[in-house]
>>> print(open('run13.pdb').read())   # PDB, C-alpha atoms and all ligand atoms
MODEL        1
ATOM      1  CA  MET A   1      10.145 150.580  76.918  1.00  0.00           C
ATOM      2  CA  ALA A   2       8.189 148.057  74.878  1.00  0.00           C
ATOM      3  CA  SER A   3       4.749 148.856  73.519  1.00  0.00           C
ATOM      4  CA  THR A   4       2.088 146.395  72.431  1.00  0.00           C
ATOM      5  CA  ASP A   5      -1.208 146.645  70.629  1.00  0.00           C
ATOM      6  CA  SER A   6      -3.642 144.152  69.136  1.00  0.00           C
ATOM      7  CA  ARG A   7      -6.696 144.235  66.878  1.00  0.00           C
ATOM      8  CA  LEU A   8      -8.441 141.579  64.847  1.00  0.00           C
ATOM      9  CA  HIS A   9      -8.423 141.543  61.042  1.00  0.00           C
ATOM     10  CA  GLN A  10      -7.238 145.101  60.670  1.00  0.00           C
ATOM     11  CA  PRO A  11      -4.010 146.503  59.382  1.00  0.00           C
ATOM     12  CA  PRO A  12      -2.175 148.772  61.814  1.00  0.00           C
ATOM     13  CA  SER A  13      -4.451 151.783  62.171  1.00  0.00           C
ATOM     14  CA  GLN A  14      -4.002 155.477  62.882  1.00  0.00           C
ATOM     15  CA  LYS A  15      -2.623 154.955  66.385  1.00  0.00           C
ATOM     16  CA  ASP A  16       0.154 152.628  65.229  1.00  0.00           C
ATOM     17  CA  ALA A  17       0.833 154.546  62.066  1.00  0.00           C
ATOM     18  CA  ALA A  18       1.107 157.712  64.141  1.00  0.00           C
ATOM     19  CA  ASP A  19       3.848 156.177  66.267  1.00  0.00           C
ATOM     20  CA  GLN A  20       6.709 157.191  64.038  1.00  0.00           C
ATOM     21  CA  ASN A  21       9.280 157.100  66.785  1.00  0.00           C
ATOM     22  CA  PHE A  22      11.381 154.236  65.450  1.00  0.00           C
ATOM     23  CA  ASP A  23      14.338 153.659  63.165  1.00  0.00           C
ATOM     24  CA  TYR A  24      13.033 150.582  61.377  1.00  0.00           C
ATOM     25  CA  MET A  25       9.825 148.653  61.099  1.00  0.00           C
ATOM     26  CA  PHE A  26       9.894 144.885  60.533  1.00  0.00           C
ATOM     27  CA  LYS A  27       6.848 142.900  59.524  1.00  0.00           C
ATOM     28  CA  LEU A  28       6.987 139.370  60.960  1.00  0.00           C
ATOM     29  CA  LEU A  29       4.599 136.413  60.623  1.00  0.00           C
ATOM     30  CA  ILE A  30       4.081 133.342  62.774  1.00  0.00           C
ATOM     31  CA  ILE A  31       2.845 130.339  60.804  1.00  0.00           C
ATOM     32  CA  GLY A  32       2.348 126.613  61.350  1.00  0.00           C
ATOM     33  CA  ASN A  33      -0.407 124.066  61.979  1.00  0.00           C
ATOM     34  CA  SER A  34      -3.323 124.813  64.265  1.00  0.00           C
ATOM     35  CA  SER A  35      -2.615 124.326  68.003  1.00  0.00           C
ATOM     36  CA  VAL A  36       1.199 124.332  67.759  1.00  0.00           C
ATOM     37  CA  GLY A  37       1.173 127.405  70.024  1.00  0.00           C
ATOM     38  CA  LYS A  38       1.573 130.430  67.723  1.00  0.00           C
ATOM     39  CA  THR A  39      -0.814 132.678  69.633  1.00  0.00           C
ATOM     40  CA  SER A  40       0.606 131.521  72.968  1.00  0.00           C
ATOM     41  CA  PHE A  41       4.129 132.279  71.746  1.00  0.00           C
ATOM     42  CA  LEU A  42       3.166 135.808  70.741  1.00  0.00           C
ATOM     43  CA  PHE A  43       1.317 136.462  74.006  1.00  0.00           C
ATOM     44  CA  ARG A  44       4.295 135.209  75.986  1.00  0.00           C
ATOM     45  CA  TYR A  45       6.609 137.528  74.055  1.00  0.00           C
ATOM     46  CA  ALA A  46       4.414 140.636  73.980  1.00  0.00           C
ATOM     47  CA  ASP A  47       2.527 140.394  77.279  1.00  0.00           C
ATOM     48  CA  ASP A  48       4.495 137.774  79.247  1.00  0.00           C
ATOM     49  CA  SER A  49       1.276 135.814  79.721  1.00  0.00           C
ATOM     50  CA  PHE A  50       0.177 132.224  79.084  1.00  0.00           C
ATOM     51  CA  THR A  51      -3.195 130.507  79.212  1.00  0.00           C
ATOM     52  CA  PRO A  52      -3.711 126.725  78.980  1.00  0.00           C
ATOM     53  CA  ALA A  53      -7.081 127.247  77.233  1.00  0.00           C
ATOM     54  CA  PHE A  54      -7.095 126.759  73.461  1.00  0.00           C
ATOM     55  CA  VAL A  55      -8.921 129.475  71.526  1.00  0.00           C
ATOM     56  CA  SER A  56      -8.146 128.833  67.875  1.00  0.00           C
ATOM     57  CA  THR A  57      -7.317 132.009  65.950  1.00  0.00           C
ATOM     58  CA  VAL A  58      -9.873 133.212  63.418  1.00  0.00           C
ATOM     59  CA  GLY A  59      -8.125 134.563  60.324  1.00  0.00           C
ATOM     60  CA  ILE A  60      -5.289 136.765  61.471  1.00  0.00           C
ATOM     61  CA  ASP A  61      -4.389 139.038  64.366  1.00  0.00           C
ATOM     62  CA  PHE A  62      -1.371 141.145  65.192  1.00  0.00           C
ATOM     63  CA  LYS A  63       0.598 142.805  67.927  1.00  0.00           C
ATOM     64  CA  VAL A  64       3.113 145.574  67.827  1.00  0.00           C
ATOM     65  CA  LYS A  65       6.232 145.557  69.959  1.00  0.00           C
ATOM     66  CA  THR A  66       9.134 147.954  69.876  1.00  0.00           C
ATOM     67  CA  VAL A  67      12.592 146.621  70.688  1.00  0.00           C
ATOM     68  CA  PHE A  68      16.067 148.097  70.924  1.00  0.00           C
ATOM     69  CA  ARG A  69      18.933 146.384  69.181  1.00  0.00           C
ATOM     70  CA  ASN A  70      22.334 148.085  69.061  1.00  0.00           C
ATOM     71  CA  ASN A  71      20.970 151.586  69.625  1.00  0.00           C
ATOM     72  CA  LYS A  72      18.247 151.195  67.031  1.00  0.00           C
ATOM     73  CA  ARG A  73      14.572 151.376  67.860  1.00  0.00           C
ATOM     74  CA  ILE A  74      12.865 148.662  65.839  1.00  0.00           C
ATOM     75  CA  LYS A  75       9.111 148.423  65.649  1.00  0.00           C
ATOM     76  CA  LEU A  76       7.945 144.844  65.165  1.00  0.00           C
ATOM     77  CA  GLN A  77       4.567 144.283  63.586  1.00  0.00           C
ATOM     78  CA  ILE A  78       3.958 140.637  64.438  1.00  0.00           C
ATOM     79  CA  TRP A  79       1.140 138.869  62.614  1.00  0.00           C
ATOM     80  CA  ASP A  80      -0.340 135.764  64.244  1.00  0.00           C
ATOM     81  CA  THR A  81      -1.968 133.612  61.575  1.00  0.00           C
ATOM     82  CA  ALA A  82      -4.665 130.955  61.932  1.00  0.00           C
ATOM     83  CA  GLY A  83      -3.289 127.485  61.341  1.00  0.00           C
ATOM     84  CA  GLN A  84      -6.582 126.034  60.186  1.00  0.00           C
ATOM     85  CA  GLU A  85      -6.658 125.188  56.486  1.00  0.00           C
ATOM     86  CA  ARG A  86      -9.907 127.092  55.867  1.00  0.00           C
ATOM     87  CA  TYR A  87      -8.154 130.425  56.536  1.00  0.00           C
ATOM     88  CA  ARG A  88      -5.236 129.749  54.188  1.00  0.00           C
ATOM     89  CA  THR A  89      -6.377 132.177  51.476  1.00  0.00           C
ATOM     90  CA  ILE A  90      -6.648 134.991  53.993  1.00  0.00           C
ATOM     91  CA  THR A  91      -3.398 134.276  55.776  1.00  0.00           C
ATOM     92  CA  THR A  92      -1.176 133.821  52.712  1.00  0.00           C
ATOM     93  CA  ALA A  93      -2.300 137.262  51.524  1.00  0.00           C
ATOM     94  CA  TYR A  94      -0.301 138.662  54.443  1.00  0.00           C
ATOM     95  CA  TYR A  95       2.973 136.927  53.486  1.00  0.00           C
ATOM     96  CA  ARG A  96       3.861 139.640  50.993  1.00  0.00           C
ATOM     97  CA  GLY A  97       6.316 142.132  52.411  1.00  0.00           C
ATOM     98  CA  ALA A  98       7.088 140.023  55.475  1.00  0.00           C
ATOM     99  CA  MET A  99      10.743 140.266  56.405  1.00  0.00           C
ATOM    100  CA  GLY A 100      10.729 137.312  58.730  1.00  0.00           C
ATOM    101  CA  PHE A 101       8.779 134.195  59.623  1.00  0.00           C
ATOM    102  CA  LEU A 102       8.597 131.965  62.645  1.00  0.00           C
ATOM    103  CA  LEU A 103       7.597 128.581  61.231  1.00  0.00           C
ATOM    104  CA  MET A 104       6.334 126.619  64.208  1.00  0.00           C
ATOM    105  CA  TYR A 105       5.642 122.975  64.930  1.00  0.00           C
ATOM    106  CA  ASP A 106       4.803 121.190  68.176  1.00  0.00           C
ATOM    107  CA  VAL A 107       7.443 118.686  69.377  1.00  0.00           C
ATOM    108  CA  SER A 108       4.607 116.488  70.700  1.00  0.00           C
ATOM    109  CA  ASN A 109       2.708 116.441  67.396  1.00  0.00           C
ATOM    110  CA  GLN A 110       3.988 114.451  64.407  1.00  0.00           C
ATOM    111  CA  ASP A 111       1.542 115.989  61.907  1.00  0.00           C
ATOM    112  CA  SER A 112       2.669 119.498  62.714  1.00  0.00           C
ATOM    113  CA  PHE A 113       6.283 118.491  62.010  1.00  0.00           C
ATOM    114  CA  GLY A 114       5.260 116.674  58.831  1.00  0.00           C
ATOM    115  CA  ALA A 115       3.611 119.868  57.611  1.00  0.00           C
ATOM    116  CA  VAL A 116       6.752 122.006  57.936  1.00  0.00           C
ATOM    117  CA  GLN A 117       7.845 121.327  54.354  1.00  0.00           C
ATOM    118  CA  ASP A 118       4.453 122.512  53.046  1.00  0.00           C
ATOM    119  CA  TRP A 119       4.638 125.672  55.129  1.00  0.00           C
ATOM    120  CA  ALA A 120       8.129 126.325  53.762  1.00  0.00           C
ATOM    121  CA  THR A 121       6.753 125.981  50.243  1.00  0.00           C
ATOM    122  CA  GLN A 122       4.020 128.492  51.083  1.00  0.00           C
ATOM    123  CA  ILE A 123       6.675 130.964  52.240  1.00  0.00           C
ATOM    124  CA  LYS A 124       8.603 130.475  49.005  1.00  0.00           C
ATOM    125  CA  THR A 125       5.449 130.911  46.943  1.00  0.00           C
ATOM    126  CA  TYR A 126       3.942 133.956  48.607  1.00  0.00           C
ATOM    127  CA  SER A 127       6.734 135.951  50.203  1.00  0.00           C
ATOM    128  CA  TRP A 128       9.735 138.080  49.392  1.00  0.00           C
ATOM    129  CA  ASP A 129      12.922 136.218  48.312  1.00  0.00           C
ATOM    130  CA  ASN A 130      15.068 137.739  51.052  1.00  0.00           C
ATOM    131  CA  THR A 131      12.741 136.844  53.874  1.00  0.00           C
ATOM    132  CA  GLN A 132      14.358 135.173  56.891  1.00  0.00           C
ATOM    133  CA  VAL A 133      12.875 132.083  58.525  1.00  0.00           C
ATOM    134  CA  ILE A 134      13.368 130.451  61.909  1.00  0.00           C
ATOM    135  CA  LEU A 135      12.013 126.951  62.512  1.00  0.00           C
ATOM    136  CA  VAL A 136      10.639 126.699  66.063  1.00  0.00           C
ATOM    137  CA  GLY A 137       9.837 123.413  67.805  1.00  0.00           C
ATOM    138  CA  ASN A 138       7.414 124.653  70.470  1.00  0.00           C
ATOM    139  CA  LYS A 139       6.180 122.871  73.627  1.00  0.00           C
ATOM    140  CA  CYS A 140       9.616 121.522  74.547  1.00  0.00           C
ATOM    141  CA  ASP A 141       8.327 121.451  78.155  1.00  0.00           C
ATOM    142  CA  LEU A 142       6.317 118.342  77.190  1.00  0.00           C
ATOM    143  CA  GLU A 143       9.317 116.017  77.410  1.00  0.00           C
ATOM    144  CA  ASP A 144       7.187 112.929  78.186  1.00  0.00           C
ATOM    145  CA  GLU A 145       4.963 113.502  75.158  1.00  0.00           C
ATOM    146  CA  ARG A 146       7.744 114.402  72.764  1.00  0.00           C
ATOM    147  CA  VAL A 147       7.630 112.581  69.408  1.00  0.00           C
ATOM    148  CA  ILE A 148      10.054 114.779  67.455  1.00  0.00           C
ATOM    149  CA  ALA A 149      13.683 114.524  68.525  1.00  0.00           C
ATOM    150  CA  THR A 150      15.662 117.743  68.705  1.00  0.00           C
ATOM    151  CA  GLU A 151      18.094 116.352  66.104  1.00  0.00           C
ATOM    152  CA  ASP A 152      15.247 115.794  63.624  1.00  0.00           C
ATOM    153  CA  GLY A 153      14.167 119.415  63.943  1.00  0.00           C
ATOM    154  CA  GLN A 154      17.760 120.542  63.558  1.00  0.00           C
ATOM    155  CA  ARG A 155      18.273 118.369  60.481  1.00  0.00           C
ATOM    156  CA  LEU A 156      15.106 119.592  58.766  1.00  0.00           C
ATOM    157  CA  ALA A 157      16.048 123.207  59.475  1.00  0.00           C
ATOM    158  CA  GLU A 158      19.454 122.636  57.898  1.00  0.00           C
ATOM    159  CA  GLU A 159      17.862 121.067  54.817  1.00  0.00           C
ATOM    160  CA  LEU A 160      15.549 124.038  54.448  1.00  0.00           C
ATOM    161  CA  GLY A 161      18.281 126.586  55.185  1.00  0.00           C
ATOM    162  CA  PHE A 162      16.533 127.917  58.297  1.00  0.00           C
ATOM    163  CA  ARG A 163      17.807 128.619  61.785  1.00  0.00           C
ATOM    164  CA  PHE A 164      16.369 126.394  64.497  1.00  0.00           C
ATOM    165  CA  PHE A 165      15.274 126.612  68.118  1.00  0.00           C
ATOM    166  CA  GLU A 166      13.196 124.552  70.450  1.00  0.00           C
ATOM    167  CA  ALA A 167      11.068 126.662  72.763  1.00  0.00           C
ATOM    168  CA  SER A 168       8.187 126.699  75.196  1.00  0.00           C
ATOM    169  CA  ALA A 169       5.591 129.438  75.387  1.00  0.00           C
ATOM    170  CA  LYS A 170       4.342 127.789  78.576  1.00  0.00           C
ATOM    171  CA  ASP A 171       7.637 127.742  80.469  1.00  0.00           C
ATOM    172  CA  ASN A 172       9.021 130.816  78.698  1.00  0.00           C
ATOM    173  CA  ILE A 173      11.966 128.976  77.171  1.00  0.00           C
ATOM    174  CA  ASN A 174      13.738 130.683  74.268  1.00  0.00           C
ATOM    175  CA  VAL A 175      10.742 132.889  73.366  1.00  0.00           C
ATOM    176  CA  LYS A 176      12.528 136.238  73.570  1.00  0.00           C
ATOM    177  CA  HIS A 177      15.672 134.695  72.155  1.00  0.00           C
ATOM    178  CA  VAL A 178      13.855 133.477  69.018  1.00  0.00           C
ATOM    179  CA  PHE A 179      12.478 136.945  68.266  1.00  0.00           C
ATOM    180  CA  GLU A 180      15.834 138.587  68.950  1.00  0.00           C
ATOM    181  CA  CYS A 181      17.559 136.124  66.646  1.00  0.00           C
ATOM    182  CA  LEU A 182      15.028 136.833  63.897  1.00  0.00           C
ATOM    183  CA  VAL A 183      15.524 140.588  64.281  1.00  0.00           C
ATOM    184  CA  ASP A 184      19.301 140.139  64.144  1.00  0.00           C
ATOM    185  CA  VAL A 185      19.264 138.002  61.000  1.00  0.00           C
ATOM    186  CA  ILE A 186      16.943 140.502  59.307  1.00  0.00           C
ATOM    187  CA  CYS A 187      19.337 143.315  60.260  1.00  0.00           C
ATOM    188  CA  ASP A 188      22.278 141.290  58.893  1.00  0.00           C
ATOM    189  CA  LYS A 189      20.444 140.679  55.633  1.00  0.00           C
ATOM    190  CA  MET A 190      19.475 144.321  55.414  1.00  0.00           C
ATOM    191  CA  ASN A 191      23.066 145.466  55.880  1.00  0.00           C
ATOM    192  CA  GLU A 192      24.243 142.950  53.283  1.00  0.00           C
ATOM    193  CA  THR A 193      21.637 144.153  50.779  1.00  0.00           C
ATOM    194  CA  MET A 194      22.472 147.798  51.424  1.00  0.00           C
ATOM    195  CA  GLU A 195      26.161 147.129  50.885  1.00  0.00           C
ATOM    196  CA  GLU A 196      25.426 145.357  47.618  1.00  0.00           C
ATOM    197  CA  GLU A 197      23.214 148.213  46.512  1.00  0.00           C
ATOM    198  CA  SER A 198      25.761 150.861  47.403  1.00  0.00           C
ATOM    199  CA  ASN A 199      28.385 148.929  45.473  1.00  0.00           C
ATOM    200  CA  LEU A 200      26.115 148.814  42.445  1.00  0.00           C
ATOM    201  CA  THR A 201      25.053 152.434  42.590  1.00  0.00           C
ATOM    202  CA  ALA A 202      26.806 155.391  44.107  1.00  0.00           C
ATOM    203  CA  ASN A 203      23.514 156.251  45.813  1.00  0.00           C
ATOM    204  CA  HIS A 204      22.747 154.871  49.266  1.00  0.00           C
ATOM    205  CA  THR A 205      19.184 153.657  48.936  1.00  0.00           C
ATOM    206  CA  ASN A 206      17.241 151.514  51.353  1.00  0.00           C
ATOM    207  CA  PRO A 207      16.340 148.047  50.123  1.00  0.00           C
ATOM    208  CA  GLN A 208      12.676 147.599  49.362  1.00  0.00           C
ATOM    209  CA  GLY A 209      10.577 146.662  52.330  1.00  0.00           C
ATOM    210  CA  PHE A 210      12.650 148.334  55.023  1.00  0.00           C
ATOM    211  CA  LYS A 211      11.636 151.674  56.403  1.00  0.00           C
ATOM    212  CA  ASP A 212      14.134 154.031  57.942  1.00  0.00           C
ATOM    213  CA  SER A 213      12.076 156.724  59.618  1.00  0.00           C
ATOM    214  CA  SER A 214      15.099 158.955  60.054  1.00  0.00           C
ATOM    215  CA  GLU A 215      15.625 158.871  56.271  1.00  0.00           C
ATOM    216  CA  SER A 216      19.338 158.678  56.908  1.00  0.00           C
ATOM    217  CA  ASN A 217      21.476 156.365  54.860  1.00  0.00           C
ATOM    218  CA  GLY A 218      22.888 154.516  57.862  1.00  0.00           C
ATOM    219  CA  ALA A 219      22.612 150.751  57.913  1.00  0.00           C
ATOM    220  CA  CYS A 220      21.196 149.008  60.948  1.00  0.00           C
ATOM    221  CA  ALA A 221      23.987 148.427  63.411  1.00  0.00           C
ATOM    222  CA  CYS A 222      22.585 145.078  64.587  1.00  0.00           C
TER
HETATM  223  P1  LIG B 301      -4.386 128.249  65.855  1.00  0.00           P
HETATM  224  O1  LIG B 301      -4.753 129.619  66.280  1.00  0.00           O
HETATM  225  O2  LIG B 301      -5.579 127.337  65.724  1.00  0.00           O
HETATM  226  O3  LIG B 301      -3.563 128.212  64.610  1.00  0.00           O
HETATM  227  O4  LIG B 301      -3.493 127.607  67.053  1.00  0.00           O
HETATM  228  P2  LIG B 301      -2.176 128.207  67.716  1.00  0.00           P
HETATM  229  O5  LIG B 301      -0.982 127.683  66.995  1.00  0.00           O
HETATM  230  O6  LIG B 301      -2.288 129.685  67.848  1.00  0.00           O
HETATM  231  O7  LIG B 301      -2.183 127.525  69.165  1.00  0.00           O
HETATM  232  P3  LIG B 301      -2.415 128.213  70.589  1.00  0.00           P
HETATM  233  O8  LIG B 301      -1.362 129.206  70.896  1.00  0.00           O
HETATM  234  O9  LIG B 301      -3.809 128.666  70.673  1.00  0.00           O
HETATM  235  O10 LIG B 301      -2.135 126.960  71.572  1.00  0.00           O
HETATM  236  C1  LIG B 301      -2.809 125.719  71.446  1.00  0.00           C
HETATM  237  C2  LIG B 301      -2.785 125.006  72.781  1.00  0.00           C
HETATM  238  O11 LIG B 301      -1.439 124.645  73.107  1.00  0.00           O
HETATM  239  C3  LIG B 301      -3.304 125.835  73.941  1.00  0.00           C
HETATM  240  O12 LIG B 301      -4.052 124.999  74.800  1.00  0.00           O
HETATM  241  C4  LIG B 301      -2.043 126.327  74.630  1.00  0.00           C
HETATM  242  O13 LIG B 301      -2.225 126.544  76.007  1.00  0.00           O
HETATM  243  C5  LIG B 301      -1.092 125.151  74.395  1.00  0.00           C
HETATM  244  N1  LIG B 301       0.317 125.561  74.348  1.00  0.00           N
HETATM  245  C6  LIG B 301       0.855 126.586  73.638  1.00  0.00           C
HETATM  246  N2  LIG B 301       2.178 126.661  73.809  1.00  0.00           N
HETATM  247  C7  LIG B 301       2.489 125.677  74.683  1.00  0.00           C
HETATM  248  C8  LIG B 301       3.726 125.247  75.265  1.00  0.00           C
HETATM  249  O14 LIG B 301       4.812 125.780  75.053  1.00  0.00           O
HETATM  250  N3  LIG B 301       3.655 124.151  76.102  1.00  0.00           N
HETATM  251  C9  LIG B 301       2.486 123.516  76.372  1.00  0.00           C
HETATM  252  N4  LIG B 301       2.526 122.477  77.206  1.00  0.00           N
HETATM  253  N5  LIG B 301       1.318 123.901  75.849  1.00  0.00           N
HETATM  254  C10 LIG B 301       1.314 124.965  75.015  1.00  0.00           C
HETATM  255 MG    MG B 302      -3.737 131.023  67.286  1.00  0.00          MG
ENDMDL
END
>>> encode(input="run13.pdb", output="structure tokens", more="lines below")
Ligand code: GTP
Ligand code: MG
Amino acid sequence: MASTDSRLHQPPSQKDAADQNFDYMFKLLIIGNSSVGKTSFLFRYADDSFTPAFVSTVGIDFKVKTVFRNNKRIKLQIWDTAGQERYRTITTAYYRGAMGFLLMYDVSNQDSFGAVQDWATQIKTYSWDNTQVILVGNKCDLEDERVIATEDGQRLAEELGFRFFEASAKDNINVKHVFECLVDVICDKMNETMEEESNLTANHTNPQGFKDSSESNGACAC
């Protein structure tokens, strides 16, 4: 069963912290220009809802969702950042410790695509080296208004070393798939890092930034 929760400007509080019934916790961020659909994407994923009204995010918000991947219970703490420039100092403060990013642009908005490189630089500057990134071209339902070809998104993702999907929060295209892919690539990276660490030291220690609530030494089976 999935669980969701949301509060503005606050780190996960007592209620979330008290929910220790998970194997791993992943901190994820959604970033990209204002109005590309970050909040809509998160609401579609967490609540299966969509609203055509645009209420620009103030600062940062989050939701919690627990998923099962290969017999592991993974708690996702998903931070939805404001795209507006004036909140940049606040939002980049949350990049630290993030294990994964959804970097989003709008396929019907040239500026949002042009800004992807800058967002990628922000990730490099403020986040952990091993963080995983998926480039998402949202609003693919707007075929008539499209200005960014799928191939251009794909090419840019390859240049940046990111995975790539087009999606639609409105029509619920690829939303769940994008999150599942991000979880899987984080699990892969985690297993890789744990193997490297266990080769270096005889001790099986968890890589920094990943919590295993069972305190076992088992790697994620994703
Ligand atoms: P900020 O909070 O300002 O950074 O914006 P945001 O990226 O969170 O954008 P938001 O989710 O608020 O969506 C902006 C507008 O785009 C809203 O009117 C949404 O209804 C609309 N929208 C979001 N996703 C889609 C989509 O997949 N297709 C279409 N057609 N519209 C969408
Ligand atoms: Mg928003």
>>> resolve_selection(input="run13.pdb", expression="the PyMOL selection byres (((not hetatm)) within 7 of (chain B and resi 302))", output="list in words")
Ser34, Ser35, Gly37, Lys38, Thr39, Val55, Ser56, Thr57, Asp80, Thr81, Ala82 and Gly83 of chain A
>>> closest_residue(input="run13.pdb", among="A:Gly97, A:Gly153, A:Gly137, A:Gly114", to="ligand LIG 301 (chain B)", atoms="all atoms listed in the file")
A:Gly137
>>> residues_near_ligand(input="run13.pdb", ligand="ligand LIG 301 (chain B)", cutoff="10 Å", atoms="only C-alpha atoms and all ligand atoms", output="PyMOL selection string")
chain A and resi 30-44+50-61+80-85+87+104-108+112+137-143+145+166-173+175
>>> atom_distance(input="run13.pdb", atom1="atom CA of A:Val178", atom2="atom CA of A:Val133")
10.6 Å
>>> closest_residue(input="run13.pdb", among="A:Arg155, A:Gln77, A:Leu135, A:Tyr126", to="A:Thr89", atoms="all atoms listed in the file")
A:Tyr126
>>> atom_distance(input="run13.pdb", atom1="atom CA of A:Asp47", atom2="atom CA of A:Thr66")
12.5 Å
>>> closest_residue(input="run13.pdb", among="A:Ala93, A:Ala149, A:Val67, A:Leu76", to="A:Met25", atoms="only C-alpha atoms")
A:Leu76
>>> atom_distance(input="run13.pdb", atom1="atom CA of A:Thr131", atom2="atom CA of A:Arg163")
12.5 Å
>>> axis_aligned_box(input="run13.pdb", around="stretch 34-41 of chain A", padding_each_side="3 Å", output="AutoDock Vina command-line options")
--center_x 0.4 --center_y 128.5 --center_z 68.6 --size_x 13.5 --size_y 14.4 --size_z 14.7
>>> closest_residue(input="run13.pdb", among="A:Val64, A:Met190, A:Cys181, A:Met99", to="A:Gln132", atoms="all atoms listed in the file")
A:Met99
>>> residues_around(input="run13.pdb", residues="A:Leu28", least_positions_apart="2", cutoff="6 Å", atoms="all atoms listed in the file", output="count of residues only")
5
>>> resolve_selection(input="run13.pdb", expression="the PyMOL selection byres (((chain A and resi 184) around 12) and not hetatm)", output="JSON list (two decimals) with C-alpha atoms, keeping the file's coordinate frame")
[["chain", "number", "residue", "atom", "x", "y", "z"],
["A", 26, "PHE", "CA", 9.89, 144.88, 60.53],
["A", 67, "VAL", "CA", 12.59, 146.62, 70.69],
["A", 68, "PHE", "CA", 16.07, 148.10, 70.92],
["A", 69, "ARG", "CA", 18.93, 146.38, 69.18],
["A", 70, "ASN", "CA", 22.33, 148.08, 69.06],
["A", 72, "LYS", "CA", 18.25, 151.20, 67.03],
["A", 74, "ILE", "CA", 12.86, 148.66, 65.84],
["A", 99, "MET", "CA", 10.74, 140.27, 56.40],
["A", 100, "GLY", "CA", 10.73, 137.31, 58.73],
["A", 132, "GLN", "CA", 14.36, 135.17, 56.89],
["A", 133, "VAL", "CA", 12.88, 132.08, 58.52],
["A", 134, "ILE", "CA", 13.37, 130.45, 61.91],
["A", 163, "ARG", "CA", 17.81, 128.62, 61.78],
["A", 177, "HIS", "CA", 15.67, 134.70, 72.16],
["A", 178, "VAL", "CA", 13.86, 133.48, 69.02],
["A", 179, "PHE", "CA", 12.48, 136.94, 68.27],
["A", 180, "GLU", "CA", 15.83, 138.59, 68.95],
["A", 181, "CYS", "CA", 17.56, 136.12, 66.65],
["A", 182, "LEU", "CA", 15.03, 136.83, 63.90],
["A", 183, "VAL", "CA", 15.52, 140.59, 64.28],
["A", 185, "VAL", "CA", 19.26, 138.00, 61.00],
["A", 186, "ILE", "CA", 16.94, 140.50, 59.31],
["A", 187, "CYS", "CA", 19.34, 143.32, 60.26],
["A", 188, "ASP", "CA", 22.28, 141.29, 58.89],
["A", 189, "LYS", "CA", 20.44, 140.68, 55.63],
["A", 190, "MET", "CA", 19.48, 144.32, 55.41],
["A", 191, "ASN", "CA", 23.07, 145.47, 55.88],
["A", 220, "CYS", "CA", 21.20, 149.01, 60.95],
["A", 221, "ALA", "CA", 23.99, 148.43, 63.41],
["A", 222, "CYS", "CA", 22.58, 145.08, 64.59]]
>>> decode(input="run13.pdb", residues="stretch 177-185 of chain A", atoms="N, CA, C and O atoms", output="compact mmCIF listing (two decimals), in the first residue's frame")
# COMPACT_ATOMS: atom_id res chain seq x y z
N HIS A 177 6.30 5.21 -14.52
CA HIS A 177 7.47 4.57 -15.13
C HIS A 177 8.74 5.38 -14.85
O HIS A 177 9.81 4.81 -14.56
N VAL A 178 8.64 6.70 -14.92
CA VAL A 178 9.80 7.57 -14.68
C VAL A 178 10.29 7.38 -13.24
O VAL A 178 11.49 7.21 -12.99
N PHE A 179 9.37 7.39 -12.28
CA PHE A 179 9.78 7.22 -10.88
C PHE A 179 10.37 5.83 -10.66
O PHE A 179 11.36 5.67 -9.96
N GLU A 180 9.74 4.82 -11.26
CA GLU A 180 10.25 3.46 -11.07
C GLU A 180 11.66 3.32 -11.66
O GLU A 180 12.52 2.67 -11.08
N CYS A 181 11.85 3.95 -12.81
CA CYS A 181 13.18 3.90 -13.44
C CYS A 181 14.21 4.59 -12.54
O CYS A 181 15.31 4.07 -12.34
N LEU A 182 13.83 5.72 -11.96
CA LEU A 182 14.77 6.43 -11.08
C LEU A 182 15.11 5.57 -9.86
O LEU A 182 16.28 5.46 -9.48
N VAL A 183 14.11 4.95 -9.28
CA VAL A 183 14.35 4.08 -8.12
C VAL A 183 15.29 2.93 -8.52
O VAL A 183 16.24 2.61 -7.80
N ASP A 184 15.04 2.35 -9.68
CA ASP A 184 15.87 1.22 -10.13
C ASP A 184 17.33 1.65 -10.36
O ASP A 184 18.25 0.93 -9.99
N VAL A 185 17.54 2.80 -10.98
CA VAL A 185 18.92 3.20 -11.24
C VAL A 185 19.64 3.57 -9.94
O VAL A 185 20.84 3.34 -9.80
